[in-house]
Structure formats: C-alpha cells, structure tokens
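**Q** Below is the file data-v7.txt, with compact mmCIF, C-alpha atoms.
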```txt
# COMPACT_ATOMS: atom_id res chain seq x y z
CA MET A 1 58.72 8.81 -99.27
CA ASP A 2 57.28 5.65 -97.79
CA ALA A 3 53.93 3.97 -98.48
CA TRP A 4 51.26 2.32 -96.32
CA TRP A 5 48.42 0.16 -97.73
CA GLN A 6 44.99 -0.08 -96.18
CA CYS A 7 41.62 -1.72 -96.65
CA GLU A 8 38.85 -1.23 -94.14
CA ILE A 9 37.28 -4.57 -95.17
CA PRO A 10 33.92 -3.19 -96.29
CA TYR A 11 30.79 -5.24 -96.98
CA PRO A 12 29.50 -4.09 -100.39
CA ASP A 13 27.23 -7.11 -100.89
CA VAL A 14 23.95 -5.41 -100.01
CA ALA A 15 21.53 -4.60 -102.81
CA LYS A 16 21.55 -0.96 -103.91
CA ASN A 17 17.82 -0.55 -103.36
CA ILE A 18 18.34 -1.54 -99.72
CA THR A 19 21.28 0.79 -99.13
CA ASP A 20 19.47 3.64 -100.92
CA ALA A 21 16.46 3.21 -98.65
CA ALA A 22 18.49 2.84 -95.45
CA ASP A 23 18.50 5.63 -92.91
CA SER A 24 22.26 5.22 -92.66
CA VAL A 25 24.54 2.49 -94.00
CA ARG A 26 27.08 3.53 -91.34
CA ALA A 27 24.80 3.34 -88.33
CA SER A 28 21.41 1.69 -88.66
CA LEU A 29 21.43 -0.92 -91.45
CA PRO A 30 20.52 -4.23 -89.69
CA ASN A 31 23.29 -6.83 -89.69
CA SER A 32 20.77 -9.37 -90.94
CA TYR A 33 21.92 -8.20 -94.39
CA CYS A 34 25.43 -9.50 -93.63
CA ASP A 35 26.01 -13.11 -94.66
CA PRO A 36 28.63 -14.59 -92.26
CA ALA A 37 30.24 -16.73 -94.97
CA THR A 38 30.62 -13.73 -97.28
CA ALA A 39 32.06 -11.64 -94.47
CA ALA A 40 34.56 -14.39 -93.64
CA ARG A 41 35.64 -14.54 -97.28
CA HIS A 42 36.29 -10.79 -97.31
CA PHE A 43 38.41 -11.09 -94.17
CA ASP A 44 40.42 -13.96 -95.66
CA GLU A 45 41.09 -12.07 -98.88
CA VAL A 46 42.14 -8.81 -97.23
CA MET A 47 44.36 -10.54 -94.67
CA ASP A 48 46.09 -12.25 -97.61
CA GLU A 49 46.51 -8.82 -99.21
CA PHE A 50 48.07 -7.44 -96.03
CA ALA A 51 50.48 -10.39 -96.05
CA TYR A 52 51.32 -9.73 -99.71
CA CYS A 53 52.21 -6.13 -98.81
CA ASP A 54 54.88 -7.62 -96.56
CA GLU A 55 56.33 -9.44 -99.56
CA VAL A 56 56.57 -6.27 -101.68
CA GLY A 57 57.84 -4.16 -98.76
CA MET A 58 54.82 -1.89 -98.29
CA ASN A 59 53.73 -0.96 -94.77
CA VAL A 60 50.12 -1.61 -93.76
CA VAL A 61 47.39 0.31 -91.94
CA CYS A 62 44.57 -1.02 -89.81
CA ILE A 63 41.46 1.19 -89.57
CA GLU A 64 38.56 0.87 -87.13
CA HIS A 65 34.90 1.77 -87.70
CA HIS A 66 31.63 0.56 -86.25
CA ALA A 67 28.07 -0.42 -87.11
CA GLY A 68 28.17 -0.07 -90.89
CA ILE A 69 29.03 -1.59 -94.25
CA ASN A 70 31.98 0.77 -94.79
CA SER A 71 34.18 -1.28 -92.44
CA MET A 72 33.90 -4.63 -90.72
CA ILE A 73 36.96 -3.91 -88.56
CA GLY A 74 35.20 -3.18 -85.30
CA SER A 75 38.22 -4.25 -83.22
CA ASN A 76 41.43 -2.66 -84.42
CA PRO A 77 43.68 -4.39 -81.83
CA MET A 78 42.41 -7.82 -82.88
CA ILE A 79 43.39 -7.30 -86.52
CA THR A 80 46.68 -5.69 -85.48
CA GLY A 81 47.51 -8.78 -83.43
CA ALA A 82 46.79 -11.01 -86.41
CA LEU A 83 49.05 -8.85 -88.60
CA ALA A 84 51.86 -9.36 -86.09
CA ARG A 85 51.89 -13.02 -87.10
CA GLN A 86 51.23 -12.47 -90.81
CA THR A 87 53.92 -9.87 -91.44
CA LYS A 88 57.67 -10.10 -90.80
CA LYS A 89 59.26 -6.92 -92.17
CA VAL A 90 56.89 -3.99 -92.65
CA ARG A 91 55.49 -1.59 -90.09
CA VAL A 92 51.86 -1.73 -88.96
CA LEU A 93 49.94 1.47 -88.22
CA SER A 94 46.83 1.34 -86.07
CA LEU A 95 44.70 4.27 -87.27
CA GLY A 96 43.03 3.90 -84.96
CA THR A 97 41.17 2.94 -81.84
CA LEU A 98 38.68 5.69 -81.04
CA VAL A 99 40.19 6.76 -77.73
CA SER A 100 37.67 9.49 -76.90
CA LEU A 101 34.85 6.94 -77.06
CA ARG A 102 36.52 4.31 -74.91
CA PRO A 103 35.81 4.57 -71.17
CA ASP A 104 39.34 3.55 -70.17
CA PRO A 105 42.30 4.80 -72.26
CA VAL A 106 44.63 2.73 -70.07
CA ARG A 107 43.10 -0.39 -71.59
CA VAL A 108 43.85 1.08 -75.03
CA ALA A 109 47.47 1.63 -73.93
CA GLU A 110 47.64 -2.02 -72.85
CA GLU A 111 46.41 -3.12 -76.27
CA TYR A 112 48.96 -0.89 -78.01
CA ALA A 113 51.81 -2.15 -75.83
CA THR A 114 50.81 -5.75 -76.51
CA ALA A 115 50.68 -5.11 -80.26
CA ASP A 116 54.07 -3.37 -80.21
CA THR A 117 55.59 -6.31 -78.33
CA MET A 118 54.09 -8.89 -80.70
CA LEU A 119 55.41 -6.86 -83.66
CA ARG A 120 58.83 -6.46 -81.99
CA GLY A 121 58.73 -2.72 -82.46
CA ARG A 122 57.19 -2.56 -85.95
CA PHE A 123 54.16 -0.68 -84.63
CA ASP A 124 52.90 2.90 -85.08
CA ILE A 125 49.97 4.39 -83.16
CA GLY A 126 47.47 6.63 -84.92
CA PHE A 127 44.72 8.70 -83.31
CA VAL A 128 41.53 9.81 -85.04
CA LYS A 129 38.55 11.79 -83.83
CA SER A 130 35.41 9.73 -83.99
CA GLY A 131 32.73 10.40 -86.59
CA GLY A 132 29.12 11.12 -85.77
CA THR A 133 28.03 7.56 -86.46
CA GLU A 134 30.53 6.21 -83.97
CA MET A 135 29.06 8.51 -81.32
CA ALA A 136 25.77 6.67 -81.67
CA SER A 137 27.22 3.15 -81.78
CA ALA A 138 29.45 3.83 -78.75
CA ASN A 139 26.56 5.34 -76.77
CA MET A 140 28.50 8.58 -76.41
CA GLN A 141 27.72 12.26 -76.97
CA PRO A 142 29.93 14.66 -78.94
CA VAL A 143 29.99 17.54 -76.46
CA ASN A 144 33.57 17.91 -75.21
CA ASN A 145 34.70 15.13 -77.53
CA GLU A 146 37.81 17.08 -78.54
CA GLU A 147 38.75 17.61 -74.89
CA ARG A 148 38.32 13.89 -74.23
CA PHE A 149 40.36 13.12 -77.35
CA TRP A 150 43.46 15.02 -76.27
CA GLU A 151 43.20 14.00 -72.63
CA ALA A 152 42.84 10.34 -73.63
CA ILE A 153 45.98 10.67 -75.77
CA ASP A 154 47.86 12.20 -72.83
CA LEU A 155 46.74 9.32 -70.61
CA VAL A 156 47.75 6.70 -73.21
CA GLN A 157 51.18 8.32 -73.47
CA LYS A 158 51.61 8.38 -69.69
CA ALA A 159 50.64 4.71 -69.44
CA LEU A 160 53.07 3.74 -72.21
CA THR A 161 56.00 5.74 -70.85
CA SER A 162 55.68 4.99 -67.11
CA HIS A 163 58.13 2.16 -66.41
CA ASP A 164 58.98 2.59 -62.71
CA GLY A 165 55.93 1.37 -60.91
CA PRO A 166 52.28 2.37 -60.55
CA VAL A 167 51.23 5.92 -61.38
CA SER A 168 47.85 7.61 -61.22
CA TRP A 169 45.80 10.01 -63.36
CA GLU A 170 43.27 12.59 -62.21
CA GLY A 171 42.04 14.53 -65.25
CA LYS A 172 38.86 16.30 -66.25
CA HIS A 173 37.35 13.34 -68.10
CA PHE A 174 39.37 10.31 -67.00
CA HIS A 175 40.43 9.05 -63.57
CA HIS A 176 42.68 6.09 -62.89
CA ARG A 177 44.25 5.26 -59.51
CA HIS A 178 46.62 2.48 -60.56
CA ILE A 179 48.44 2.45 -63.91
CA ASN A 180 51.11 -0.21 -64.34
CA ILE A 181 50.71 -1.91 -67.72
CA TRP A 182 52.42 -5.21 -68.51
CA PRO A 183 54.11 -5.59 -70.88
CA GLY A 184 55.35 -2.12 -71.60
CA PRO A 185 55.88 -1.21 -75.25
CA TYR A 186 58.72 -2.84 -77.17
CA GLN A 187 59.82 0.58 -78.43
CA ARG A 188 61.04 2.91 -75.69
CA PRO A 189 59.83 5.32 -74.63
CA MET A 190 56.85 4.51 -76.90
CA PRO A 191 55.91 3.80 -80.54
CA PRO A 192 55.70 6.69 -83.04
CA MET A 193 52.47 8.67 -82.84
CA TRP A 194 50.24 9.83 -85.73
CA ALA A 195 47.06 11.93 -85.74
CA ALA A 196 44.49 12.31 -88.53
CA THR A 197 42.87 15.72 -88.39
CA GLY A 198 42.39 18.63 -90.76
CA ASP A 199 40.88 21.64 -88.98
CA PRO A 200 43.40 24.38 -88.11
CA ARG A 201 43.00 24.15 -84.33
CA SER A 202 43.62 20.41 -84.23
CA ALA A 203 46.34 20.63 -86.89
CA ALA A 204 48.16 23.15 -84.71
CA GLU A 205 47.92 20.85 -81.71
CA VAL A 206 49.34 17.96 -83.74
CA GLY A 207 52.26 20.22 -84.65
CA ARG A 208 52.95 21.25 -81.07
CA ARG A 209 52.95 17.61 -79.99
CA GLY A 210 55.30 16.56 -82.80
CA PHE A 211 53.03 13.78 -84.07
CA ARG A 212 53.09 12.64 -87.66
CA HIS A 213 50.20 14.48 -89.32
CA VAL A 214 48.04 12.58 -91.80
CA LEU A 215 45.34 14.20 -93.95
CA VAL A 216 42.65 11.92 -95.40
CA LEU A 217 41.05 12.78 -98.76
CA ARG A 218 41.39 16.53 -98.19
CA GLY A 219 42.68 17.59 -101.60
CA PRO A 220 45.54 20.05 -102.18
CA GLU A 221 44.16 23.22 -100.58
CA GLY A 222 42.83 21.64 -97.39
CA THR A 223 45.98 19.57 -97.00
CA LYS A 224 48.32 22.50 -97.57
CA SER A 225 46.39 24.65 -95.07
CA ALA A 226 46.51 21.96 -92.39
CA TYR A 227 50.23 21.37 -92.90
CA GLU A 228 50.82 25.12 -92.64
CA ALA A 229 48.83 25.31 -89.39
CA HIS A 230 51.01 22.48 -88.07
CA ARG A 231 54.24 24.27 -88.96
CA ASN A 232 53.04 27.69 -87.80
CA ALA A 233 52.11 26.31 -84.38
CA ARG A 234 55.59 24.89 -83.94
CA ARG A 235 57.19 28.13 -85.00
CA GLU A 236 55.02 30.18 -82.63
CA ALA A 237 55.82 27.78 -79.79
CA GLY A 238 59.55 28.11 -80.43
CA LEU A 239 59.85 24.44 -81.42
CA PRO A 240 62.36 23.23 -84.01
CA LYS A 241 61.40 22.89 -87.65
CA VAL A 242 60.28 19.48 -88.88
CA THR A 243 60.95 17.60 -92.10
CA THR A 244 58.46 16.25 -94.60
CA ASP A 245 58.70 12.96 -92.70
CA ASN A 246 56.26 14.54 -90.21
CA PHE A 247 53.51 14.68 -92.83
CA ALA A 248 51.37 12.03 -94.51
CA TYR A 249 48.53 12.00 -97.01
CA ALA A 250 45.85 9.35 -97.52
CA ALA A 251 44.20 8.91 -100.92
CA MET A 252 42.57 6.20 -102.99
CA VAL A 253 45.24 4.62 -105.20
CA TYR A 254 45.18 1.98 -107.92
CA VAL A 255 47.78 1.02 -110.51
CA GLY A 256 47.01 -0.99 -113.65
CA ASP A 257 49.11 -2.08 -116.59
CA THR A 258 47.75 0.86 -118.61
CA HIS A 259 46.35 4.22 -117.65
CA ASP A 260 42.83 3.28 -118.78
CA GLU A 261 42.89 0.02 -116.84
CA GLY A 262 44.10 1.78 -113.70
CA VAL A 263 41.34 4.38 -113.90
CA GLU A 264 38.64 1.81 -114.73
CA VAL A 265 39.50 -0.51 -111.84
CA GLY A 266 40.47 2.30 -109.49
CA SER A 267 37.11 4.01 -109.97
CA GLN A 268 35.63 1.17 -107.91
CA LEU A 269 37.31 2.74 -104.89
CA LEU A 270 34.77 5.57 -105.16
CA TRP A 271 32.21 3.19 -103.66
CA PHE A 272 33.61 4.30 -100.32
CA LEU A 273 32.53 7.86 -101.07
CA ASN A 274 29.19 7.45 -102.81
CA THR A 275 27.91 4.64 -100.57
CA SER A 276 29.64 4.43 -97.23
CA LEU A 277 29.67 8.18 -96.53
CA LYS A 278 25.88 8.17 -96.63
CA SER A 279 24.74 8.84 -93.08
CA ALA A 280 21.60 10.37 -91.66
CA PRO A 281 21.81 13.88 -90.17
CA GLN A 282 20.87 12.71 -86.67
CA TYR A 283 23.95 10.50 -86.64
CA ASN A 284 26.29 13.14 -87.94
CA LYS A 285 26.17 16.83 -88.61
CA PHE A 286 23.33 17.91 -86.29
CA LEU A 287 24.75 16.33 -83.13
CA PRO A 288 25.46 19.05 -80.52
CA GLY A 289 29.14 19.84 -80.34
CA ALA A 290 30.01 17.97 -83.53
CA ALA A 291 31.28 21.13 -85.23
CA PRO A 292 32.97 24.32 -83.99
CA PRO A 293 30.39 27.03 -83.11
CA GLN A 294 31.54 29.26 -85.97
CA ALA A 295 31.03 26.42 -88.48
CA ALA A 296 27.70 25.12 -87.17
CA PRO A 297 25.39 27.59 -88.98
CA GLY A 298 26.63 26.39 -92.35
CA LEU A 299 25.47 22.85 -91.59
CA TYR A 300 21.86 23.96 -91.69
CA ARG A 301 22.02 25.44 -95.18
CA THR A 302 20.35 23.20 -97.73
CA LYS A 303 22.68 24.20 -100.56
CA PRO A 304 26.03 25.30 -99.15
CA LYS A 305 28.51 26.81 -101.55
CA VAL A 306 31.19 24.39 -102.75
CA ASP A 307 34.72 25.38 -103.58
CA ALA A 308 36.43 22.84 -105.86
CA GLY A 309 39.69 23.05 -103.94
CA ILE A 310 38.36 23.17 -100.39
CA GLY A 311 34.67 22.23 -100.16
CA PHE A 312 32.22 23.67 -97.65
CA LYS A 313 34.11 26.50 -96.03
CA ASP A 314 33.90 27.09 -92.32
CA ALA A 315 35.01 30.20 -90.51
CA GLU A 316 38.48 28.82 -89.74
CA LYS A 317 40.72 29.81 -92.63
CA GLY A 318 38.75 27.90 -95.25
CA VAL A 319 39.37 24.36 -93.94
CA THR A 320 36.43 22.02 -93.70
CA THR A 321 35.35 19.84 -90.83
CA ALA A 322 35.39 16.08 -91.41
CA SER A 323 31.61 15.89 -91.83
CA GLN A 324 31.59 18.77 -94.33
CA ASN A 325 34.43 17.15 -96.22
CA SER A 326 32.42 13.90 -96.42
CA GLN A 327 29.46 15.73 -97.97
CA LYS A 328 31.72 17.28 -100.59
CA LEU A 329 33.15 13.90 -101.59
CA MET A 330 29.91 12.02 -102.20
CA ALA A 331 28.99 11.23 -105.81
CA LEU A 332 32.27 12.33 -107.40
CA THR A 333 33.27 10.83 -110.74
CA ALA A 334 36.71 9.28 -111.20
CA LYS A 335 37.89 12.30 -113.18
CA GLU A 336 36.64 14.73 -110.54
CA ALA A 337 38.29 12.68 -107.79
CA MET A 338 41.58 12.65 -109.70
CA ASP A 339 41.36 16.38 -110.38
CA GLN A 340 40.81 17.03 -106.66
CA GLY A 341 43.76 14.88 -105.59
CA ILE A 342 41.82 12.22 -103.71
CA LEU A 343 42.25 9.48 -106.33
CA PHE A 344 45.56 8.56 -107.94
CA ALA A 345 44.85 6.03 -110.66
CA GLY A 346 46.38 4.89 -113.94
CA SER A 347 49.57 3.21 -115.11
CA PRO A 348 52.73 3.17 -112.96
CA ASP A 349 54.02 6.25 -114.79
CA THR A 350 50.83 8.29 -114.59
CA VAL A 351 50.21 7.40 -110.92
CA HIS A 352 53.76 8.40 -110.04
CA LYS A 353 53.24 11.69 -111.88
CA GLN A 354 49.94 12.39 -110.07
CA ILE A 355 51.50 11.73 -106.66
CA THR A 356 54.56 13.90 -107.25
CA GLU A 357 52.47 16.76 -108.64
CA PHE A 358 50.26 16.62 -105.53
CA TYR A 359 53.41 16.51 -103.39
CA ASP A 360 54.59 19.75 -104.95
CA LYS A 361 51.21 21.46 -104.50
CA VAL A 362 51.01 20.81 -100.76
CA GLY A 363 54.64 21.46 -99.89
CA GLY A 364 55.77 17.88 -99.49
CA PHE A 365 55.01 14.87 -97.32
CA GLY A 366 56.98 11.78 -96.38
CA HIS A 367 54.26 9.12 -96.27
CA LEU A 368 51.50 8.09 -98.67
CA VAL A 369 48.63 6.03 -97.24
CA LEU A 370 46.92 4.07 -100.02
CA ILE A 371 43.22 3.28 -99.73
CA GLY A 372 43.85 0.32 -101.99
CA ARG A 373 40.67 -1.73 -101.95
CA SER A 374 37.02 -0.86 -101.46
CA GLY A 375 33.62 -1.56 -102.90
CA HIS A 376 33.33 -4.36 -105.46
CA MET A 377 37.02 -4.58 -106.33
CA THR A 378 38.00 -8.25 -106.57
CA HIS A 379 40.79 -9.97 -104.70
CA ALA A 380 42.69 -10.49 -107.97
CA GLU A 381 42.36 -6.81 -108.90
CA SER A 382 43.54 -5.75 -105.46
CA MET A 383 46.56 -8.07 -105.53
CA LYS A 384 47.51 -6.76 -108.97
CA GLY A 385 47.30 -3.16 -107.77
CA ILE A 386 49.55 -3.94 -104.79
CA LYS A 387 52.07 -5.71 -107.01
CA LEU A 388 52.31 -2.93 -109.59
CA PHE A 389 52.49 -0.16 -107.02
CA GLY A 390 55.05 -2.00 -104.92
CA GLU A 391 57.28 -2.94 -107.86
CA GLU A 392 56.85 0.00 -110.25
CA VAL A 393 55.90 3.09 -108.19
CA LEU A 394 57.19 2.69 -104.65
CA PRO A 395 60.90 2.42 -105.58
CA ARG A 396 60.65 5.80 -107.35
CA LEU A 397 58.82 7.41 -104.43
CA ARG A 398 61.51 6.23 -102.05
CA GLU A 399 63.98 8.36 -103.96
CA ILE A 400 62.21 11.42 -102.51
CA ALA A 401 64.24 12.18 -99.37
CA PRO A 402 62.90 14.11 -96.37
CA ILE A 403 63.49 17.86 -96.51
CA GLU A 404 63.21 20.47 -93.77
CA VAL A 405 60.04 22.56 -93.90
CA GLY A 406 59.10 25.46 -91.69
```
With the file now loaded, output its structure as structure tokens.
**A**
Amino acid sequence: MDAWWQCEIPYPDVAKNITDAADSVRASLPNSYCDPATAARHFDEVMDEFAYCDEVGMNVVCIEHHAGINSMIGSNPMITGALARQTKKVRVLSLGTLVSLRPDPVRVAEEYATADTMLRGRFDIGFVKSGGTEMASANMQPVNNEERFWEAIDLVQKALTSHDGPVSWEGKHFHHRHINIWPGPYQRPMPPMWAATGDPRSAAEVGRRGFRHVLVLRGPEGTKSAYEAHRNARREAGLPKVTTDNFAYAAMVYVGDTHDEGVEVGSQLLWFLNTSLKSAPQYNKFLPGAAPPQAAPGLYRTKPKVDAGIGFKDAEKGVTTASQNSQKLMALTAKEAMDQGILFAGSPDTVHKQITEFYDKVGGFGHLVLIGRSGHMTHAESMKGIKLFGEEVLPRLREIAPIEVG
C-alpha cells in the first residue's frame, strides 16, 4: 500500500459568528474576510509540508476548490507546477481540475502535459465531479454535468495521446478543430488516471475505463459497494480482473506520539466537515440535475433517515450521492468519525490497526490518501503528523502487496 498526503489550504481564520451567519462558507462569504498576509502564511506553511513529504517518501495530492474557506487552491495547475520544483522523488496527484466546468478541456490537457513534463513523469491525473458550489462559481448549470464530465475526460485523453499531428473533436458538448498540444506528456501514452466517485453508475464507468478508483470519506459500506460496482462492471464487460492497486481511499489521518494525543490533535481535522461542508441549498442539493432522478425526492425530506454505515440512502443500491454524504458527515464527533472509518487517529500502532481493519472491511485497496491538515491545526502539529506517519506507519503499510480482486 502506498500513501498520498493532502491539504487543501483552508482559511479557518474567520470568526465563528460570521461563518455561522453566512449563507454559505463555500460560495458566498465575501473575500473581504480573508487577510492576504494570513493567506500567504498558510500557503508558505503547506508548501513546506508538501516538501517535507518528499523527504519522508510520501506522495502528495493537490486538490482544487473555489469561492470558499474550505480551500484556497483555486488553480490546481499552478500549485502542481510549484510542487514540480519543490519535490524530487515522490509522485504528485492532481485531484483535480474540474473538467466539466472548464469550457476547453484541451487547455486542461495542456496544463497536465506541462505538469507531467516538469515533474519528469512523476504526475498522476485525477478527475472529480464538481460540487454544487462550484457550479455557481463557474457560472455553470448541473444539467448534463455527468455527460460533460465523461466527454471532457475522453477529450483530455485524446489530446494527451495524439502525437502525430493535429486532430479534431466533434462531440455533444465540446468541439475543437485543431488539437496539437506542445509539449506532449512525459509519460507515454499518458499519465495514470484516477477518478473520485462513489455512486454505482459512475463507479461502474470508472471500472470499465480502468482508472484508479478513489473513495473520499465514504465509510466501509459505501466504499465496499462502490468497489464492487467497479469490479462487477469489468466482469460484465469481459475485462480482466484488477488488483487492489486499482483502488484508493481518502480519509482524515493524524498520528501522535500517544493514542490520546493523536485523537486530540486529529480531531481538528473535523473542521473540514462541520464548517466547510456548510453550504446553502440553492448552491447544492436543489440545483436541477444535481442528483439522479430516483434520488432527488429524498433531498426534499426535512429529516431523512440515516444509516450509520451508509448515510442517506438513494435508490441505487444504498450508496449516497456526494451531497447526501456531505450532510451525513457534518457535526460528527471524533469518536463517531473514527467508528465510521473517515478518521484514523491515534498512535502509530493504533492508526496502523485502524487502517488495516478498514482495509479488510472493504476488500482491500492499494492507496491511502491522507487528509492531513485542516482547520486550526498548526504547522508544527502538521509536520509532526507527517513525520510520525512517514516513519512509523507507512513502512508497515508498504508491506501490504497488491492482490487480485474480482
């Protein structure tokens, strides 16, 4: 098993009474509440933490979000380019530029190829469906977003793998007469592809395409169901079985010297859930097309039933949409988050035990993505967590070899 560290570079320095009163801290909180000097300090600290991951041999992840305090990384390619100069050994995953919201996926392919060249092939590409708040900030509408998502990915792949002169693209949502990106990617035919999605239909498509499948904060039942949909789709399509290297899981992770210290400091990661997931309905769940038709009626219920293992169930085999999953996660305690497999916190021994137990529950995965810093965690606390995980936990996880699953 390999590990990837991430921090979205949030801005937690807004008074609670202001965030509580805000319509949405991920869409409409004015940037007048952001002090430029404080923001610059956060960037400096996290970039140093990314560089320290290179020292301990832990891969890094760059996430992109827009218009809110949950993430100040509004330009994923810019940070990825900086990481090309700050890191020397580890791989960098872009997870990811919101391709369905960008008017020209070919430009995205150019950015990816440039990053891959600067990193001399240490680059992975990750695709994510945009959240409701990003729809508003990108001036887009969610109807047909999933169609745009997969077509944009197809167009990015064609641009990255076309090396013999200009080609064209005439699709349903994108049209491009002249595609001839320079430079092409360093890795041929293209860098490895990831996709972060959890609903069965999208999970099946990830499986058919052979992408690495990452689940984010979905807990054991949702993760296991999505992995199964991935494998079933490959089997039904007559494709070969995959190994656990095809699967990844993202959770909040913190390691302290003792179990109590790890839980106490790691609980600060929950800020991401109880603050940054707060978004107004008009920016999220009530947007037309934001949820499958069979799941939409449940969004209007004031008190939907919650299942501890899955959350708000839709009509597709008990797997939640991303927006429903976000609602389920808000206001969890550290113990509840640990019980649900979205927070691994404690000493090196207890964190290793939590991860391997989760691994067994979901049927195995080859990559752990650590949400390693969020909220009011200090730079010193974050650096300590990276050090202890990299030196005390990661070597043991790397003993877990890929196995065939089908």
**Q** Kindly indicate which residue among A:Val14, A:Val263, A:Pro166, A:Met1 lies nearest to Ser32 in chain A, using only C-alpha atoms for the distances.
**A** A:Val14
**Q** Excluding Met338 in chain A and its own-chain neighbours fewer than 5 positions away, which residues fall within 12 Å of it when counting only C-alpha atoms? Please give them as a list of chain:residue names.
**A**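 The residues that qualify are A:Leu217, A:Gly219, A:Pro220, A:Ala251, A:Met252, A:Val253, A:Tyr254, A:Gly262, A:Val263, A:Gly266, A:Ser267, A:Leu269, A:Leu270, A:Leu329, A:Leu332, A:Thr333, A:Leu343, A:Phe344, A:Ala345, A:Gly346, A:Thr350, A:Val351, A:Lys353, A:Gln354, A:Ile355, A:Glu357, A:Phe358.
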**Q** What lies within 10 Å of Arg148 in chain A using only C-alpha atoms, ignoring chain neighbours under 5 positions off, as a list in words?
**A**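 In the requested format, the answer is Val99, Ser100, Leu101, Arg102, Lys129, Pro142, Val143, Ile153, Asp154, Gly171, Lys172, His173 and Phe174 of chain A.
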**Q** Sorted by chain and rising residue number, list the residues of range 63-97 of chain A at most 9 Å from range 41-47 of chain A (counting only C-alpha atoms), each with its closest atom pair and distance in Å to one decimal, as a tab-separated table.
**A**
```
residue	atom	partner	partner_atom	distance
A:Met72	CA	A:Phe43	CA	8.6
A:Ile79	CA	A:Met47	CA	8.8
A:Ala82	CA	A:Met47	CA	8.6
A:Leu83	CA	A:Met47	CA	7.9
A:Gln86	CA	A:Met47	CA	8.1
```
**Q** A:Asp164, A:Glu404, A:Asp339, A:Asp257: which is nearest Phe389 in chain A, counting all atoms listed in the file?
**A**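 For Phe389 in chain A, the nearest of the candidates is A:Asp257.
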**Q** If you measure from CA of Ala113 in chain A to CA of Asn139 in chain A, what distance in Å do you get, rounded to one decimal?
**A**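 About the pair CA of Ala113 in chain A and CA of Asn139 in chain A: they are 26.4 Å apart.
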**Q** What is the CA of Met377 in chain A-CA of Gln268 in chain A distance in Å, reported with one decimal?
**A**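 The value is 6.1 Å.
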**Q** List as a PyMOL selection string the protein and nucleic acid residues near Ala138 in chain A, meaning an atom at most 9 Å away when only C-alpha atoms are counted, but skip any in the same chain fewer than 2 places from it.
**A** chain A and resi 66+101-102+133-136+140-141
**Q** Please dump the current selection as a PDB file, in the frame of the given file; keep C-alpha atoms.
**A**
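In the end it all went to result-v2.pdb:
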```
ATOM      1  CA  HIS A  66      31.630   0.560 -86.250  1.00  0.00           C
ATOM      2  CA  LEU A 101      34.850   6.940 -77.060  1.00  0.00           C
ATOM      3  CA  ARG A 102      36.520   4.310 -74.910  1.00  0.00           C
ATOM      4  CA  THR A 133      28.030   7.560 -86.460  1.00  0.00           C
ATOM      5  CA  GLU A 134      30.530   6.210 -83.970  1.00  0.00           C
ATOM      6  CA  MET A 135      29.060   8.510 -81.320  1.00  0.00           C
ATOM      7  CA  ALA A 136      25.770   6.670 -81.670  1.00  0.00           C
ATOM      8  CA  MET A 140      28.500   8.580 -76.410  1.00  0.00           C
ATOM      9  CA  GLN A 141      27.720  12.260 -76.970  1.00  0.00           C
TER      10      GLN A 141
END
```
**Q** Please identify all polymer residues within 12 Å of Thr19 in chain A, counting only C-alpha atoms, omitting same-chain residues fewer than 2 positions from it, and present them as a PyMOL selection string.
**A** chain A and resi 11-17+21-30+33+68-70+274-279
**Q** Rank nothing, just name the residue among A:Asn232, A:Thr38, A:Gln187, A:Ser137 nearest to Pro200 in chain A, using all atoms listed in the file.
**A**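 Between A:Asn232, A:Thr38, A:Gln187, A:Ser137, the residue approaching Pro200 in chain A most closely is A:Asn232.
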**Q** May I have the protein, DNA and RNA residues with an atom at most 10 Å from (52.3, 16.6, -100.4), counting all atoms listed in the file in the file's coordinates, returned as a VMD selection string?
**A** chain A and resid 215 219 to 220 223 to 224 227 244 247 to 249 355 to 368
**Q** In Å, how far is it from CA of His175 in chain A to CA of Tyr112 in chain A?
**A**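 Atom-to-atom, CA of His175 in chain A to CA of Tyr112 in chain A, that is 19.5 Å.
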**Q** Applying 8 Å and only C-alpha atoms, which residues near Ala203 in chain A remain after dropping the ones on its own chain fewer than 2 positions away? List them as a VMD selection string.
**A** chain A and resid 197 to 201 205 to 207 213 226 to 227 229 to 230
**Q** Given all atoms listed in the file as the basis, pick out the residue of A:Ala67, A:Thr87, A:Lys335, A:Ala380 nearest to Glu55 in chain A.
**A**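 Looking at the shortest contact to Glu55 in chain A, the residue is A:Thr87.
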**Q** Pick from A:Asp48, A:Glu236, A:Asp35, A:Asp54: nearest to Gly390 in chain A, with all atoms listed in the file counted?
**A**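 Going through A:Asp48, A:Glu236, A:Asp35, A:Asp54 one by one, the smallest distance to Gly390 in chain A is for A:Asp54.
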